[in-house]
Amino acid sequence: MQQMQKKLIIASSPHIRDSVTTRRIMQEVCLALAPAGIAGIVYFGVDALKLILISVCTCVLTEYLYQRLMNQKVTAGDWSAVVTGLLIAYNVPASAPWWIPVVGGVFAILLVKQLFGGIGSNFANPALTARAVLFISWGSIMGSYPVTRYMEDAVSSATPLALLQQDPSQVSVWTLLIGNHGGVLGETCAIALILGGVYLIIRGIADWRIPVSFICTAFVCFLLQGGFDLALKEVLAGGLLLGAFFMATDYVTTPTSVPGRFIMGAGCGLLLFLIRAFANYPEGCSFAILFMNVMTPMIDRFTMPKYFGEVKKHG
Amino acid sequence: MSTFLTILIGQILVNNYVMCQFFGICPFLGVSKKFDTALGMGLAVTFVITVASFFTWLVQNFLLVPLSLEYLQTLAFILVIAVLVQVVEMALKKLSPTLYQALGVYLPLITTNCVVLAVAINNITDGYNLLESTFSGCCAALGFTLSLLLLAGIRERMELSNMPKWMQGFPGALIMAGMMAIAFMGFGGLI
Amino acid sequence: MADTSKKLTFWGTFMNGLVTENPTFTLMLGMCPTLGVTTAAMNGVSMGLATTFVLVFSNLFISLLRNIIPDKVRIPSYIVIIASFVTMIDLMMQAYLPDLRAVLGTYIQLIVVNCIIFARAESFAAKNPPALSVADGLGMGLGFTISITLLSMVRELFGSGSVFGYTVMPASYQPMAIMNMVPGGFITLGLMMIVINAIKKMAAGRGRREEGLA
């Protein structure tokens, strides 16, 4: 089979098609993701470590095998599959069986990423789509959160999100910050996530506009719904921070223009609020970001700056 | 007022006819290659569905029910829709040639767009009154247009990427549609 | 019918609909019921057969009346003919198979706007004699039935761990619920089309090679 001829690629900066820079960027993302993973392993023990390893291995292996089978240049070593694997594992509860991250990893790499042309071509974030698929398919597995090793009472193993919508005073800000509560593997410790997110922004890898507008919009929405206490805790709880810093900032699935990025962030925040407050699923973060991924080509279409010298066509 | 809000959110997001209920898939896949044609199709469908919801409600409640001919619903509704499409086509040709040129190609296709018939039947099943029926038709059509435009946007973008040859065309569009449908599932239970 | 046309035979027309121009995988027609009802193999079979019934009879009648119907009102006439048969099968199912009718729901009524039926009426039955039109209806209908049965078998296998209601997956298998929902339908059909296109390409390649050798 011949190597597919690449069509003209149009994208604004940053150009991430160079494999050397892709690799460096992805390594930095892995580094930024490390604190949250360590927190997960501390809280949920060896189960968490096992799931992370399975997930990462599945992703890298799937990418490698597909590219070998299709006679493509093997880019499985560029660490992007590692990032996807980490994110999938972080979105799975530590009590999940081993095949959950395997199914998720294969789905993410094969269907969401490689079928659409590999890195830089997918329109939806692979890890996010995989999480949504797992959540819809095996809701009881994905929605049952184990108790952390340092929790005194088993009652509070219910996810803080469920408690918050009943009565915000049941959960303390400190618990949310250090992450000693039930939840999926990598989302519990807010401090670790903020640390990683700030690192990405300072290093210039993630654009600050999306996470900031995402978090602010969600905060304002919850502020209007139930006051400052609720708003602060809602922002710290659940997958919001993980999603805002690591999944909504994906280069290829977000708008390229500056106003487009604000729209993306604000849209995510608003949808997250709607789903958390009113819809069936307790956690709307993945669905909110995925919907904005789907909206991205349209947002780009209406916010792209006009090229210099372009003459408006007259009908 | 709250009924109307429920209909609006329900028809566009929660029960989107294409993304959540599998109606109107043929035009959804067939006319979503280019954004501009998708927009034209969406506008034409919106117009026809809104008017068709109005008339089918009248036919049901002033013709079929009084004569107890409800079992002829399918026949009567599809005739109303076919005639309507024909009338719209002729009227547009006379009144607004520009609009006719823009929408003309799509009009005959609308007769076999199952969203139109499905909306008409569901309006009756849900027991809406005339105003609610018309509004629900309009919203359902806007939901159809939204999903059509979203898919068209993604497909246009994917034209520029190096998708494998065997994914191009319908297989790719179907898998894209699947991922869009996953995103729409998040709205479940919103109303 | 033997001397009506040299090219078109009853069998050839039948096979054309069944394989060469399979409505689902080649023509991409009738997508709504294809995706809407295929969560269980039984639904696929019954929907396919109901559509085949309507398709055969509408093709027959349109073909019989093809010289009488004026060209200008042909679309409304076709609609009346098709809708009559749809109403018939709908009422019959309500009387004899109420459970199945409840599962298939509005999709039975929507056979009337199934583009396969319209497309065949317009492009085949309106131009060809009754016997051939029946063959076309049968071939297209069964081609549609087989395709949606295949699709629904795959979806039922993964979505419920069974085929035609019989459990085939081991007891430890956790059904993948998304297969029964809208996204599963889209993605499964997309993947199946990739596989079928690949098989077709291989078959065509082999055909060409054999020709070359001979």
# chains A, B, ... in the order shown; residues from 1 in each chain; ligands from 1
>>> residues_around(residues="A:Ala218", least_positions_apart="6", cutoff="9 Å", atoms="only C-alpha atoms", output="number ranges by chain")
A: 231, 234-235, 266, 268-273
>>> interface_residues(of="chain B", to="chain A", cutoff="6 Å", atoms="only C-alpha atoms", output="NGL selection string")
:B and (153-154 or 161-163 or 183 or 186 or 188-190)
>>> closest_residue(among="C:Ile69, C:Ile196, C:Met47, C:Cys115", to="chain B", atoms="only C-alpha atoms")
C:Cys115
>>> residues_around(residues="A:Gly37", least_positions_apart="4", cutoff="7 Å", atoms="only C-alpha atoms", output="MDAnalysis selection string")
chainID A and resid 33 41 186
>>> write_last_selection(atoms="all heavy atoms", output="PDB file, in the first residue's frame")
ATOM      1  N   LEU A  33       0.911  16.012  34.175  1.00  0.00           N
ATOM      2  CA  LEU A  33      -0.121  15.099  34.649  1.00  0.00           C
ATOM      3  C   LEU A  33       0.355  14.264  35.838  1.00  0.00           C
ATOM      4  O   LEU A  33      -0.456  13.663  36.547  1.00  0.00           O
ATOM      5  CB  LEU A  33      -0.546  14.159  33.517  1.00  0.00           C
ATOM      6  CG  LEU A  33      -1.590  14.679  32.533  1.00  0.00           C
ATOM      7  CD1 LEU A  33      -1.660  13.782  31.319  1.00  0.00           C
ATOM      8  CD2 LEU A  33      -2.949  14.775  33.193  1.00  0.00           C
ATOM      9  N   ILE A  41      -2.531   7.386  43.079  1.00  0.00           N
ATOM     10  CA  ILE A  41      -1.920   6.154  43.593  1.00  0.00           C
ATOM     11  C   ILE A  41      -1.868   6.194  45.118  1.00  0.00           C
ATOM     12  O   ILE A  41      -2.135   5.205  45.797  1.00  0.00           O
ATOM     13  CB  ILE A  41      -0.506   5.968  42.982  1.00  0.00           C
ATOM     14  CG1 ILE A  41      -0.622   5.763  41.480  1.00  0.00           C
ATOM     15  CG2 ILE A  41       0.197   4.778  43.613  1.00  0.00           C
ATOM     16  CD1 ILE A  41       0.681   5.855  40.734  1.00  0.00           C
ATOM     17  N   GLY A 186      -7.969  10.100  38.782  1.00  0.00           N
ATOM     18  CA  GLY A 186      -7.081  11.256  38.707  1.00  0.00           C
ATOM     19  C   GLY A 186      -7.733  12.592  38.953  1.00  0.00           C
ATOM     20  O   GLY A 186      -7.096  13.625  38.791  1.00  0.00           O
TER      21      GLY A 186
END
>>> closest_atom_pairs(of="chain C", to="chain A", cutoff="9 Å", atoms="only C-alpha atoms", output="Markdown table")
| residue | atom | partner | partner_atom | distance |
| --- | --- | --- | --- | --- |
| C:Gly159 | CA | A:Ser137 | CA | 8.8 |
| C:Gln174 | CA | A:Trp138 | CA | 7.8 |
| C:Pro175 | CA | A:Ser137 | CA | 7.6 |
| C:Met176 | CA | A:Ser137 | CA | 4.9 |
| C:Ala177 | CA | A:Ser137 | CA | 4.2 |
| C:Ile178 | CA | A:Ser137 | CA | 4.8 |
| C:Met179 | CA | A:Ser137 | CA | 7.9 |
>>> write_last_selection(atoms="N, CA and C atoms", output="PDB file, in the first residue's frame")
ATOM      1  N   GLY C 159     -24.282  -5.485  22.345  1.00  0.00           N
ATOM      2  CA  GLY C 159     -25.115  -4.666  23.222  1.00  0.00           C
ATOM      3  C   GLY C 159     -25.873  -5.464  24.257  1.00  0.00           C
ATOM      4  N   GLN C 174     -19.924  -8.291  30.149  1.00  0.00           N
ATOM      5  CA  GLN C 174     -20.720  -7.127  30.552  1.00  0.00           C
ATOM      6  C   GLN C 174     -21.193  -6.418  29.289  1.00  0.00           C
ATOM      7  N   PRO C 175     -22.518  -6.423  29.041  1.00  0.00           N
ATOM      8  CA  PRO C 175     -23.009  -5.841  27.787  1.00  0.00           C
ATOM      9  C   PRO C 175     -22.578  -4.391  27.611  1.00  0.00           C
ATOM     10  N   MET C 176     -22.249  -4.052  26.372  1.00  0.00           N
ATOM     11  CA  MET C 176     -21.803  -2.704  26.056  1.00  0.00           C
ATOM     12  C   MET C 176     -23.038  -1.890  25.671  1.00  0.00           C
ATOM     13  N   ALA C 177     -23.583  -1.186  26.651  1.00  0.00           N
ATOM     14  CA  ALA C 177     -24.902  -0.574  26.457  1.00  0.00           C
ATOM     15  C   ALA C 177     -24.931   0.412  25.294  1.00  0.00           C
ATOM     16  N   ILE C 178     -23.812   1.037  24.992  1.00  0.00           N
ATOM     17  CA  ILE C 178     -23.826   2.078  23.968  1.00  0.00           C
ATOM     18  C   ILE C 178     -24.213   1.508  22.604  1.00  0.00           C
ATOM     19  N   MET C 179     -23.992   0.204  22.409  1.00  0.00           N
ATOM     20  CA  MET C 179     -24.344  -0.401  21.133  1.00  0.00           C
ATOM     21  C   MET C 179     -25.840  -0.340  20.871  1.00  0.00           C
TER      22      MET C 179
END
>>> residues_around(residues="stretch 142-144 of chain B", least_positions_apart="6", cutoff="12 Å", atoms="only C-alpha atoms", output="ChimeraX atom specification")
/B:7-29,32,38-39,41-50,113-116,119,135-136,150-151,184
>>> closest_residue(among="C:Phe61, C:Tyr96, C:Phe124, C:Phe25", to="chain B", atoms="only C-alpha atoms")
C:Phe25
>>> residues_around(residues="stretch 178-182 of chain A", least_positions_apart="6", cutoff="10 Å", atoms="only C-alpha atoms", output="ChimeraX atom specification")
/A:36,39-40,43-44,93-94,144-151,154,156-161,171,188-192,236-238
>>> select_by_dssp(residues="stretch 228-287 of chain A", states="alpha helix (DSSP H)", output="PyMOL selection string")
chain A and resi 228-236+240-242+258-278+285-287
>>> write_last_selection(atoms="N, CA and C atoms", output="mmCIF file, in the first residue's frame")
data_model
loop_
_atom_site.group_PDB
_atom_site.id
_atom_site.type_symbol
_atom_site.label_atom_id
_atom_site.label_comp_id
_atom_site.auth_asym_id
_atom_site.auth_seq_id
_atom_site.Cartn_x
_atom_site.Cartn_y
_atom_site.Cartn_z
ATOM 1 N N PHE A 228 -21.840 31.576 46.690
ATOM 2 C CA PHE A 228 -20.394 31.462 46.586
ATOM 3 C C PHE A 228 -19.873 30.103 47.039
ATOM 4 N N ASP A 229 -20.416 29.610 48.158
ATOM 5 C CA ASP A 229 -19.931 28.357 48.724
ATOM 6 C C ASP A 229 -20.085 27.226 47.710
ATOM 7 N N LEU A 230 -21.277 27.115 47.149
ATOM 8 C CA LEU A 230 -21.543 26.061 46.166
ATOM 9 C C LEU A 230 -20.635 26.217 44.956
ATOM 10 N N ALA A 231 -20.527 27.463 44.472
ATOM 11 C CA ALA A 231 -19.762 27.699 43.255
ATOM 12 C C ALA A 231 -18.311 27.268 43.431
ATOM 13 N N LEU A 232 -17.710 27.667 44.550
ATOM 14 C CA LEU A 232 -16.305 27.333 44.793
ATOM 15 C C LEU A 232 -16.117 25.819 44.830
ATOM 16 N N LYS A 233 -17.020 25.139 45.540
ATOM 17 C CA LYS A 233 -16.861 23.697 45.685
ATOM 18 C C LYS A 233 -17.151 22.955 44.384
ATOM 19 N N GLU A 234 -18.122 23.443 43.632
ATOM 20 C CA GLU A 234 -18.414 22.786 42.353
ATOM 21 C C GLU A 234 -17.217 22.852 41.413
ATOM 22 N N VAL A 235 -16.523 23.994 41.455
ATOM 23 C CA VAL A 235 -15.360 24.136 40.580
ATOM 24 C C VAL A 235 -14.257 23.166 40.990
ATOM 25 N N LEU A 236 -14.089 22.966 42.301
ATOM 26 C CA LEU A 236 -13.005 22.101 42.769
ATOM 27 C C LEU A 236 -13.357 20.620 42.648
ATOM 28 N N LEU A 240 -13.967 18.732 36.571
ATOM 29 C CA LEU A 240 -13.866 20.040 35.918
ATOM 30 C C LEU A 240 -12.423 20.474 35.704
ATOM 31 N N LEU A 241 -11.612 20.420 36.760
ATOM 32 C CA LEU A 241 -10.235 20.920 36.625
ATOM 33 C C LEU A 241 -9.434 20.053 35.659
ATOM 34 N N LEU A 242 -9.584 18.729 35.796
ATOM 35 C CA LEU A 242 -8.884 17.821 34.890
ATOM 36 C C LEU A 242 -9.272 18.126 33.445
ATOM 37 N N VAL A 258 -8.475 33.531 18.635
ATOM 38 C CA VAL A 258 -8.559 33.937 20.042
ATOM 39 C C VAL A 258 -10.007 34.046 20.516
ATOM 40 N N PRO A 259 -10.888 34.777 19.804
ATOM 41 C CA PRO A 259 -12.279 34.802 20.283
ATOM 42 C C PRO A 259 -12.892 33.404 20.291
ATOM 43 N N GLY A 260 -12.495 32.577 19.322
ATOM 44 C CA GLY A 260 -13.003 31.212 19.276
ATOM 45 C C GLY A 260 -12.667 30.450 20.540
ATOM 46 N N ARG A 261 -11.481 30.694 21.081
ATOM 47 C CA ARG A 261 -11.094 29.975 22.296
ATOM 48 C C ARG A 261 -11.905 30.411 23.501
ATOM 49 N N PHE A 262 -12.207 31.722 23.559
ATOM 50 C CA PHE A 262 -13.067 32.169 24.652
ATOM 51 C C PHE A 262 -14.453 31.542 24.526
ATOM 52 N N ILE A 263 -14.954 31.480 23.293
ATOM 53 C CA ILE A 263 -16.272 30.871 23.081
ATOM 54 C C ILE A 263 -16.241 29.412 23.512
ATOM 55 N N MET A 264 -15.170 28.729 23.128
ATOM 56 C CA MET A 264 -15.013 27.321 23.500
ATOM 57 C C MET A 264 -15.072 27.149 25.019
ATOM 58 N N GLY A 265 -14.280 27.953 25.736
ATOM 59 C CA GLY A 265 -14.239 27.830 27.192
ATOM 60 C C GLY A 265 -15.585 28.146 27.820
ATOM 61 N N ALA A 266 -16.178 29.259 27.379
ATOM 62 C CA ALA A 266 -17.450 29.661 27.966
ATOM 63 C C ALA A 266 -18.527 28.612 27.674
ATOM 64 N N GLY A 267 -18.511 28.075 26.448
ATOM 65 C CA GLY A 267 -19.492 27.046 26.089
ATOM 66 C C GLY A 267 -19.348 25.819 26.968
ATOM 67 N N CYS A 268 -18.100 25.392 27.187
ATOM 68 C CA CYS A 268 -17.861 24.240 28.062
ATOM 69 C C CYS A 268 -18.427 24.499 29.445
ATOM 70 N N GLY A 269 -18.146 25.699 29.997
ATOM 71 C CA GLY A 269 -18.599 26.011 31.344
ATOM 72 C C GLY A 269 -20.104 25.985 31.458
ATOM 73 N N LEU A 270 -20.769 26.590 30.465
ATOM 74 C CA LEU A 270 -22.229 26.666 30.486
ATOM 75 C C LEU A 270 -22.852 25.274 30.379
ATOM 76 N N LEU A 271 -22.347 24.473 29.436
ATOM 77 C CA LEU A 271 -22.903 23.126 29.252
ATOM 78 C C LEU A 271 -22.662 22.275 30.490
ATOM 79 N N LEU A 272 -21.454 22.418 31.071
ATOM 80 C CA LEU A 272 -21.151 21.658 32.284
ATOM 81 C C LEU A 272 -22.148 21.989 33.378
ATOM 82 N N PHE A 273 -22.443 23.278 33.527
ATOM 83 C CA PHE A 273 -23.415 23.683 34.539
ATOM 84 C C PHE A 273 -24.778 23.053 34.253
ATOM 85 N N LEU A 274 -25.225 23.152 33.015
ATOM 86 C CA LEU A 274 -26.545 22.617 32.660
ATOM 87 C C LEU A 274 -26.628 21.124 32.950
ATOM 88 N N ILE A 275 -25.570 20.374 32.546
ATOM 89 C CA ILE A 275 -25.631 18.926 32.708
ATOM 90 C C ILE A 275 -25.549 18.557 34.192
ATOM 91 N N ARG A 276 -24.629 19.207 34.933
ATOM 92 C CA ARG A 276 -24.513 18.871 36.354
ATOM 93 C C ARG A 276 -25.787 19.199 37.107
ATOM 94 N N ALA A 277 -26.370 20.346 36.783
ATOM 95 C CA ALA A 277 -27.497 20.805 37.587
ATOM 96 C C ALA A 277 -28.810 20.144 37.188
ATOM 97 N N PHE A 278 -28.986 19.833 35.894
ATOM 98 C CA PHE A 278 -30.319 19.411 35.464
ATOM 99 C C PHE A 278 -30.398 18.055 34.779
ATOM 100 N N CYS A 285 -18.674 17.039 32.578
ATOM 101 C CA CYS A 285 -17.474 17.652 32.025
ATOM 102 C C CYS A 285 -17.109 17.065 30.668
ATOM 103 N N SER A 286 -17.079 15.724 30.571
ATOM 104 C CA SER A 286 -16.647 15.128 29.311
ATOM 105 C C SER A 286 -17.636 15.443 28.193
ATOM 106 N N PHE A 287 -18.936 15.379 28.504
ATOM 107 C CA PHE A 287 -19.922 15.663 27.466
ATOM 108 C C PHE A 287 -19.844 17.120 27.022
#
>>> closest_atom_pairs(of="chain C", to="chain B", cutoff="10 Å", atoms="only C-alpha atoms", output="tab-separated table")
residue	atom	partner	partner_atom	distance
C:Phe25	CA	B:Phe170	CA	9.7
C:Met28	CA	B:Cys26	CA	7.7
C:Leu29	CA	B:Cys26	CA	6.8
C:Gly30	CA	B:Cys26	CA	7.0
C:Met31	CA	B:Ile25	CA	5.8
C:Cys32	CA	B:Phe23	CA	5.5
C:Pro33	CA	B:Phe22	CA	7.8
C:Thr34	CA	B:Phe22	CA	9.1
C:Leu35	CA	B:Phe22	CA	6.5
C:Gly36	CA	B:Phe22	CA	5.4
C:Val37	CA	B:Phe22	CA	9.2
C:Ile75	CA	B:Ala82	CA	8.1
C:Pro76	CA	B:Ala82	CA	6.7
C:Ser77	CA	B:Leu79	CA	9.5
C:Ile79	CA	B:Leu79	CA	7.2
C:Val80	CA	B:Leu75	CA	6.7
C:Ile81	CA	B:Leu75	CA	9.3
C:Ile82	CA	B:Leu75	CA	8.8
C:Ala83	CA	B:Leu75	CA	5.2
C:Ser84	CA	B:Leu75	CA	6.9
C:Phe85	CA	B:Leu75	CA	9.8
C:Val86	CA	B:Thr74	CA	8.2
C:Thr87	CA	B:Thr74	CA	7.0
C:Met88	CA	B:Tyr71	CA	9.8
C:Asp90	CA	B:Tyr71	CA	9.4
C:Leu91	CA	B:Tyr71	CA	8.1
C:Thr106	CA	B:Ala118	CA	7.4
C:Tyr107	CA	B:Ala118	CA	8.7
C:Gln109	CA	B:Thr74	CA	6.4
C:Leu110	CA	B:Cys114	CA	6.7
C:Ile111	CA	B:Cys114	CA	9.0
C:Val112	CA	B:Thr74	CA	7.9
C:Val113	CA	B:Thr112	CA	4.8
C:Asn114	CA	B:Thr112	CA	6.9
C:Cys115	CA	B:Thr112	CA	6.2
C:Ile116	CA	B:Thr112	CA	9.9
C:Phe118	CA	B:Thr112	CA	7.9
C:Ala119	CA	B:Thr112	CA	9.9
C:Ile178	CA	B:Ile182	CA	9.0
C:Met181	CA	B:Cys20	CA	8.4
C:Val182	CA	B:Cys20	CA	6.1
C:Pro183	CA	B:Gly178	CA	4.2
C:Gly184	CA	B:Gly178	CA	6.7
C:Gly185	CA	B:Gly178	CA	7.4
C:Phe186	CA	B:Gly178	CA	4.8
C:Ile187	CA	B:Ile175	CA	4.7
C:Thr188	CA	B:Ile175	CA	8.1
C:Leu189	CA	B:Leu174	CA	7.1
C:Gly190	CA	B:Pro171	CA	4.3
C:Leu191	CA	B:Pro171	CA	6.7
C:Met192	CA	B:Pro171	CA	8.3
C:Met193	CA	B:Pro171	CA	6.0
C:Ile194	CA	B:Pro171	CA	6.3
C:Val195	CA	B:Trp166	CA	9.4
C:Asn197	CA	B:Trp166	CA	7.8
C:Ala198	CA	B:Trp166	CA	8.1
>>> atom_distance(atom1="atom CA of C:Phe158", atom2="atom CA of A:Phe107")
14.4 Å
>>> select_by_dssp(residues="stretch 115-208 of chain C", states="strand (DSSP E)", output="PyMOL selection string")
chain C and resi 162-163+166-167
>>> atom_distance(atom1="atom CA of B:Ala120", atom2="atom CA of C:Gln94")
20.5 Å
>>> atom_distance(atom1="atom CA of A:Leu177", atom2="atom CA of A:Gly104")
28.0 Å
